[in-house]
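Worksheet for the structure shown next.
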Amino acid sequence: MRDAAYEPSRAFRFFDHFLTYDTTATTGDWRETEATGAGAKIDGHGGIVQLAGTTTDDQGVQIQSSSEVFLPGAAGRKVWFEARVKISEVGKCQFFAGLAKIDTTIFAAGELTAAGTTPRIGFYMSATSQAASAGRLQFTSGDATGSNDAVSQSAFLLTSATWHLIGFEFDYDRARVRLFLDGVLVEDMALTTANIPAEELCVSFAAYSELTPSATLTADLDYVDVIATV
């Protein structure tokens, strides 16, 4: 799915297979910027980090890489994002996977709204959020001026307790993003350039309970791979 634009001489890469998981506040590779639940490395072949909520709505954890190094909102910029994830109960989860500004609330008041929230590009899911529905991933790019959220959800339904490969290929010059689920292109979406963040972002994940899960809500992360042109 990657093209020649992602050669190392023309791009840089962030990759983590979660063989270790260090959330030390000032020196770790990751930071938990909001936590009413917990993030932890769990048993599994290779590395797996589990983000855990509770059975109470809007409780969970948000993790972000320690450095803001991705600047998508500029001429010539392309970003490839890919992650392998498993969510225990997809219809009862608020979820984000992508790039965002370091912030304590990617989900403002428990959900993503059209404007005035954390600058971000990535996937989100929340039954009560802007243009979202339970169990289906949505793409968002947004800043304080507004957001791009209008994308077909028909092909982006996740299955509970199942590993899924999610990916997006973002192209600023074309003002488009291509969305992939389990290696299959499911959407080629036009973006409003004015709503693409023109500031540095970091790799970010968030998982929170929603609509009273039947058991502790979890989101497992197997790996994340992000490549950006310079």
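For the structure tokens, the naming scheme is as follows: chains receive sequential letters (A, B, ...) according to their order of presentation, residues are indexed from 1 within each chain, and ligands are indexed from 1 in presentation order.
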
Excluding A:Arg178 and its own-chain neighbours fewer than 6 positions away, which residues fall within 10 Å of it when counting only C-alpha atoms? Please give them as a compact mmCIF listing (two decimals) with all heavy atoms, in the first residue's frame.
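Generated output (result_8.txt):
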```
# COMPACT_ATOMS: atom_id res chain seq x y z
N TRP A 80 1.55 8.14 6.13
CA TRP A 80 0.97 6.81 6.17
C TRP A 80 0.89 6.36 7.63
O TRP A 80 1.89 6.39 8.35
CB TRP A 80 1.80 5.81 5.38
CG TRP A 80 1.34 4.39 5.62
CD1 TRP A 80 1.93 3.45 6.42
CD2 TRP A 80 0.15 3.79 5.10
NE1 TRP A 80 1.19 2.30 6.42
CE2 TRP A 80 0.10 2.48 5.62
CE3 TRP A 80 -0.85 4.23 4.24
CZ2 TRP A 80 -0.95 1.61 5.31
CZ3 TRP A 80 -1.89 3.35 3.94
CH2 TRP A 80 -1.92 2.07 4.47
N PHE A 139 -13.15 8.79 10.02
CA PHE A 139 -11.92 9.56 9.93
C PHE A 139 -12.20 11.00 10.29
O PHE A 139 -13.24 11.55 9.94
CB PHE A 139 -11.32 9.51 8.52
CG PHE A 139 -10.00 10.22 8.41
CD1 PHE A 139 -8.83 9.60 8.79
CD2 PHE A 139 -9.95 11.54 7.97
CE1 PHE A 139 -7.62 10.26 8.71
CE2 PHE A 139 -8.74 12.21 7.88
CZ PHE A 139 -7.57 11.57 8.26
N GLY A 167 -5.67 1.55 8.64
CA GLY A 167 -4.65 2.41 8.07
C GLY A 167 -5.23 3.56 7.28
O GLY A 167 -6.34 3.47 6.74
N PHE A 168 -4.50 4.65 7.23
CA PHE A 168 -4.88 5.76 6.34
C PHE A 168 -3.65 6.31 5.65
O PHE A 168 -2.54 6.30 6.20
CB PHE A 168 -5.67 6.85 7.07
CG PHE A 168 -4.90 7.63 8.11
CD1 PHE A 168 -4.07 8.69 7.77
CD2 PHE A 168 -5.08 7.34 9.46
CE1 PHE A 168 -3.40 9.43 8.74
CE2 PHE A 168 -4.41 8.07 10.44
CZ PHE A 168 -3.57 9.11 10.07
N GLU A 169 -3.85 6.78 4.42
CA GLU A 169 -2.81 7.44 3.64
C GLU A 169 -3.29 8.86 3.34
O GLU A 169 -4.23 9.05 2.56
CB GLU A 169 -2.53 6.67 2.36
CG GLU A 169 -1.33 7.22 1.59
CD GLU A 169 -1.02 6.37 0.37
OE1 GLU A 169 -1.95 6.07 -0.40
OE2 GLU A 169 0.15 6.01 0.21
N PHE A 170 -2.63 9.81 3.95
CA PHE A 170 -3.03 11.22 3.90
C PHE A 170 -2.14 11.97 2.92
O PHE A 170 -0.92 11.83 2.93
CB PHE A 170 -2.90 11.80 5.31
CG PHE A 170 -2.92 13.30 5.38
CD1 PHE A 170 -4.12 13.98 5.46
CD2 PHE A 170 -1.73 14.02 5.36
CE1 PHE A 170 -4.13 15.37 5.52
CE2 PHE A 170 -1.73 15.40 5.42
CZ PHE A 170 -2.94 16.07 5.50
N ASP A 171 -2.74 12.79 2.07
CA ASP A 171 -2.01 13.55 1.05
C ASP A 171 -2.50 15.00 1.10
O ASP A 171 -3.62 15.30 0.68
CB ASP A 171 -2.26 12.93 -0.32
CG ASP A 171 -1.39 13.55 -1.42
OD1 ASP A 171 -1.06 14.75 -1.32
OD2 ASP A 171 -1.06 12.83 -2.38
N LEU A 185 -8.83 -1.16 0.60
CA LEU A 185 -9.23 0.24 0.48
C LEU A 185 -10.76 0.33 0.58
O LEU A 185 -11.47 -0.27 -0.23
CB LEU A 185 -8.76 0.82 -0.85
CG LEU A 185 -9.21 2.25 -1.17
CD1 LEU A 185 -8.61 3.24 -0.21
CD2 LEU A 185 -8.83 2.60 -2.62
N VAL A 186 -11.26 1.08 1.56
CA VAL A 186 -12.70 1.18 1.74
C VAL A 186 -13.24 2.59 1.51
O VAL A 186 -14.45 2.78 1.41
CB VAL A 186 -13.14 0.68 3.14
CG1 VAL A 186 -12.85 -0.78 3.30
CG2 VAL A 186 -12.49 1.49 4.25
N GLU A 187 -12.35 3.58 1.43
CA GLU A 187 -12.83 4.95 1.22
C GLU A 187 -11.70 5.81 0.69
O GLU A 187 -10.55 5.68 1.12
CB GLU A 187 -13.35 5.54 2.53
CG GLU A 187 -14.07 6.86 2.39
CD GLU A 187 -15.51 6.70 1.94
OE1 GLU A 187 -16.07 5.61 2.09
OE2 GLU A 187 -16.06 7.69 1.42
N ASP A 188 -12.00 6.68 -0.28
CA ASP A 188 -11.08 7.71 -0.77
C ASP A 188 -11.79 9.03 -0.54
O ASP A 188 -12.72 9.38 -1.27
CB ASP A 188 -10.76 7.48 -2.24
CG ASP A 188 -9.64 8.37 -2.74
OD1 ASP A 188 -9.40 9.43 -2.14
OD2 ASP A 188 -8.99 8.01 -3.74
N MET A 189 -11.37 9.76 0.47
CA MET A 189 -12.17 10.85 1.02
C MET A 189 -11.53 12.21 0.75
O MET A 189 -10.33 12.39 0.94
CB MET A 189 -12.29 10.63 2.54
CG MET A 189 -12.98 11.73 3.32
SD MET A 189 -12.92 11.33 5.10
CE MET A 189 -13.49 12.88 5.79
N ALA A 190 -12.33 13.17 0.28
CA ALA A 190 -11.87 14.55 0.10
C ALA A 190 -11.86 15.27 1.44
O ALA A 190 -12.72 15.06 2.29
CB ALA A 190 -12.78 15.28 -0.87
```

Original post:
Using only C-alpha atoms, which residues sit within 10 Å of A:Ala198 once same-chain residues fewer than 5 positions away are excluded, as a PyMOL selection string?
Top reply: chain A and resi 70-74+119-120+142-143+193

**OP:** Just the residues within 9 Å of A:Thr55, please, counting only C-alpha atoms, with nothing from its chain fewer than 2 positions along; format it as a list in words.
**Re:**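 The residues that qualify are Gly53, Asp57, Gln59, Ser209, Glu210, Leu211, Thr212, Pro213, Ser214, Ala215, Thr216 and Leu217 of chain A.
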
I'd like the neighbourhood of A:Ala97 as a tab-separated table (two decimals) with all heavy atoms, in the first residue's frame, where a residue qualifies if any of its atoms comes within 7 Å (using only C-alpha atoms), though same-chain residues fewer than 4 positions away should be ignored.
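Printed below is result28.tsv as written:
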```tsv
chain	number	residue	atom	x	y	z
A	122	GLY	N	-6.92	11.31	12.15
A	122	GLY	CA	-6.93	9.90	12.51
A	122	GLY	C	-8.32	9.31	12.54
A	122	GLY	O	-9.30	9.94	12.11
A	123	PHE	N	-8.40	8.09	13.04
A	123	PHE	CA	-9.65	7.37	13.18
A	123	PHE	C	-10.27	7.64	14.54
A	123	PHE	O	-9.56	7.74	15.55
A	123	PHE	CB	-9.43	5.86	13.06
A	123	PHE	CG	-9.00	5.41	11.70
A	123	PHE	CD1	-7.71	4.97	11.47
A	123	PHE	CD2	-9.90	5.38	10.65
A	123	PHE	CE1	-7.32	4.53	10.22
A	123	PHE	CE2	-9.52	4.94	9.39
A	123	PHE	CZ	-8.22	4.51	9.18
A	124	TYR	N	-11.58	7.70	14.58
A	124	TYR	CA	-12.26	7.70	15.86
A	124	TYR	C	-13.56	6.92	15.76
A	124	TYR	O	-14.07	6.65	14.67
A	124	TYR	CB	-12.51	9.12	16.38
A	124	TYR	CG	-13.70	9.84	15.78
A	124	TYR	CD1	-14.92	9.87	16.44
A	124	TYR	CD2	-13.60	10.50	14.57
A	124	TYR	CE1	-16.01	10.54	15.90
A	124	TYR	CE2	-14.67	11.17	14.03
A	124	TYR	CZ	-15.87	11.19	14.70
A	124	TYR	OH	-16.94	11.84	14.15
A	204	SER	N	-1.00	9.03	18.74
A	204	SER	CA	-1.95	9.07	19.86
A	204	SER	C	-2.98	7.96	19.74
A	204	SER	O	-3.46	7.64	18.65
A	204	SER	CB	-2.68	10.42	19.89
A	204	SER	OG	-1.77	11.50	19.96
A	205	PHE	N	-3.34	7.39	20.91
A	205	PHE	CA	-4.44	6.43	21.01
A	205	PHE	C	-5.29	6.79	22.22
A	205	PHE	O	-4.77	7.29	23.22
A	205	PHE	CB	-3.92	5.00	21.21
A	205	PHE	CG	-3.19	4.42	20.04
A	205	PHE	CD1	-1.81	4.53	19.93
A	205	PHE	CD2	-3.88	3.75	19.04
A	205	PHE	CE1	-1.13	4.00	18.85
A	205	PHE	CE2	-3.21	3.21	17.94
A	205	PHE	CZ	-1.83	3.33	17.86
A	206	ALA	N	-6.58	6.53	22.13
A	206	ALA	CA	-7.46	6.72	23.28
A	206	ALA	C	-8.55	5.66	23.24
A	206	ALA	O	-9.04	5.30	22.17
A	206	ALA	CB	-8.09	8.11	23.27
```

**OP:** Excluding A:His17 and residues on its chain fewer than 6 positions from it, collect all residues at most 8 Å away from it, counting only C-alpha atoms, and give them as a list of chain:residue names.
**Re:**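 Contacts, with the query itself left out: A:Gly46, A:Gly47, A:Ile48, A:Asp222, A:Tyr223, A:Val224.
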
Any chance you could export the current selection's all heavy atoms as a PDB file, in the first residue's frame?
```pdb
ATOM      1  N   GLY A  46       5.309 -11.419  20.963  1.00  0.00           N
ATOM      2  CA  GLY A  46       5.726 -10.070  20.627  1.00  0.00           C
ATOM      3  C   GLY A  46       5.260  -9.132  21.725  1.00  0.00           C
ATOM      4  O   GLY A  46       5.258  -9.470  22.897  1.00  0.00           O
ATOM      5  N   GLY A  47       4.843  -7.948  21.368  1.00  0.00           N
ATOM      6  CA  GLY A  47       4.402  -6.992  22.375  1.00  0.00           C
ATOM      7  C   GLY A  47       2.969  -6.559  22.150  1.00  0.00           C
ATOM      8  O   GLY A  47       2.542  -6.357  21.017  1.00  0.00           O
ATOM      9  N   ILE A  48       2.226  -6.432  23.229  1.00  0.00           N
ATOM     10  CA  ILE A  48       0.858  -5.926  23.185  1.00  0.00           C
ATOM     11  C   ILE A  48       0.669  -4.968  24.344  1.00  0.00           C
ATOM     12  O   ILE A  48       0.997  -5.291  25.494  1.00  0.00           O
ATOM     13  CB  ILE A  48      -0.184  -7.061  23.283  1.00  0.00           C
ATOM     14  CG1 ILE A  48      -0.066  -8.020  22.094  1.00  0.00           C
ATOM     15  CG2 ILE A  48      -1.606  -6.477  23.333  1.00  0.00           C
ATOM     16  CD1 ILE A  48      -0.951  -9.237  22.202  1.00  0.00           C
ATOM     17  N   ASP A 222      -1.235  -3.934  18.981  1.00  0.00           N
ATOM     18  CA  ASP A 222      -0.152  -4.845  18.642  1.00  0.00           C
ATOM     19  C   ASP A 222       1.060  -4.078  18.123  1.00  0.00           C
ATOM     20  O   ASP A 222       2.190  -4.350  18.503  1.00  0.00           O
ATOM     21  CB  ASP A 222      -0.635  -5.862  17.609  1.00  0.00           C
ATOM     22  CG  ASP A 222       0.459  -6.816  17.176  1.00  0.00           C
ATOM     23  OD1 ASP A 222       1.281  -7.201  18.028  1.00  0.00           O
ATOM     24  OD2 ASP A 222       0.504  -7.178  15.988  1.00  0.00           O
ATOM     25  N   TYR A 223       0.822  -3.130  17.221  1.00  0.00           N
ATOM     26  CA  TYR A 223       1.902  -2.274  16.748  1.00  0.00           C
ATOM     27  C   TYR A 223       1.314  -1.031  16.109  1.00  0.00           C
ATOM     28  O   TYR A 223       0.126  -0.963  15.781  1.00  0.00           O
ATOM     29  CB  TYR A 223       2.813  -3.001  15.744  1.00  0.00           C
ATOM     30  CG  TYR A 223       2.211  -3.215  14.367  1.00  0.00           C
ATOM     31  CD1 TYR A 223       2.290  -2.225  13.375  1.00  0.00           C
ATOM     32  CD2 TYR A 223       1.588  -4.410  14.028  1.00  0.00           C
ATOM     33  CE1 TYR A 223       1.739  -2.414  12.123  1.00  0.00           C
ATOM     34  CE2 TYR A 223       1.054  -4.613  12.760  1.00  0.00           C
ATOM     35  CZ  TYR A 223       1.124  -3.608  11.821  1.00  0.00           C
ATOM     36  OH  TYR A 223       0.595  -3.801  10.576  1.00  0.00           O
ATOM     37  N   VAL A 224       2.180  -0.022  15.942  1.00  0.00           N
ATOM     38  CA  VAL A 224       1.824   1.185  15.202  1.00  0.00           C
ATOM     39  C   VAL A 224       2.994   1.552  14.307  1.00  0.00           C
ATOM     40  O   VAL A 224       4.162   1.456  14.697  1.00  0.00           O
ATOM     41  CB  VAL A 224       1.446   2.350  16.143  1.00  0.00           C
ATOM     42  CG1 VAL A 224       2.588   2.692  17.099  1.00  0.00           C
ATOM     43  CG2 VAL A 224       1.026   3.572  15.334  1.00  0.00           C
TER      44      VAL A 224
END
```
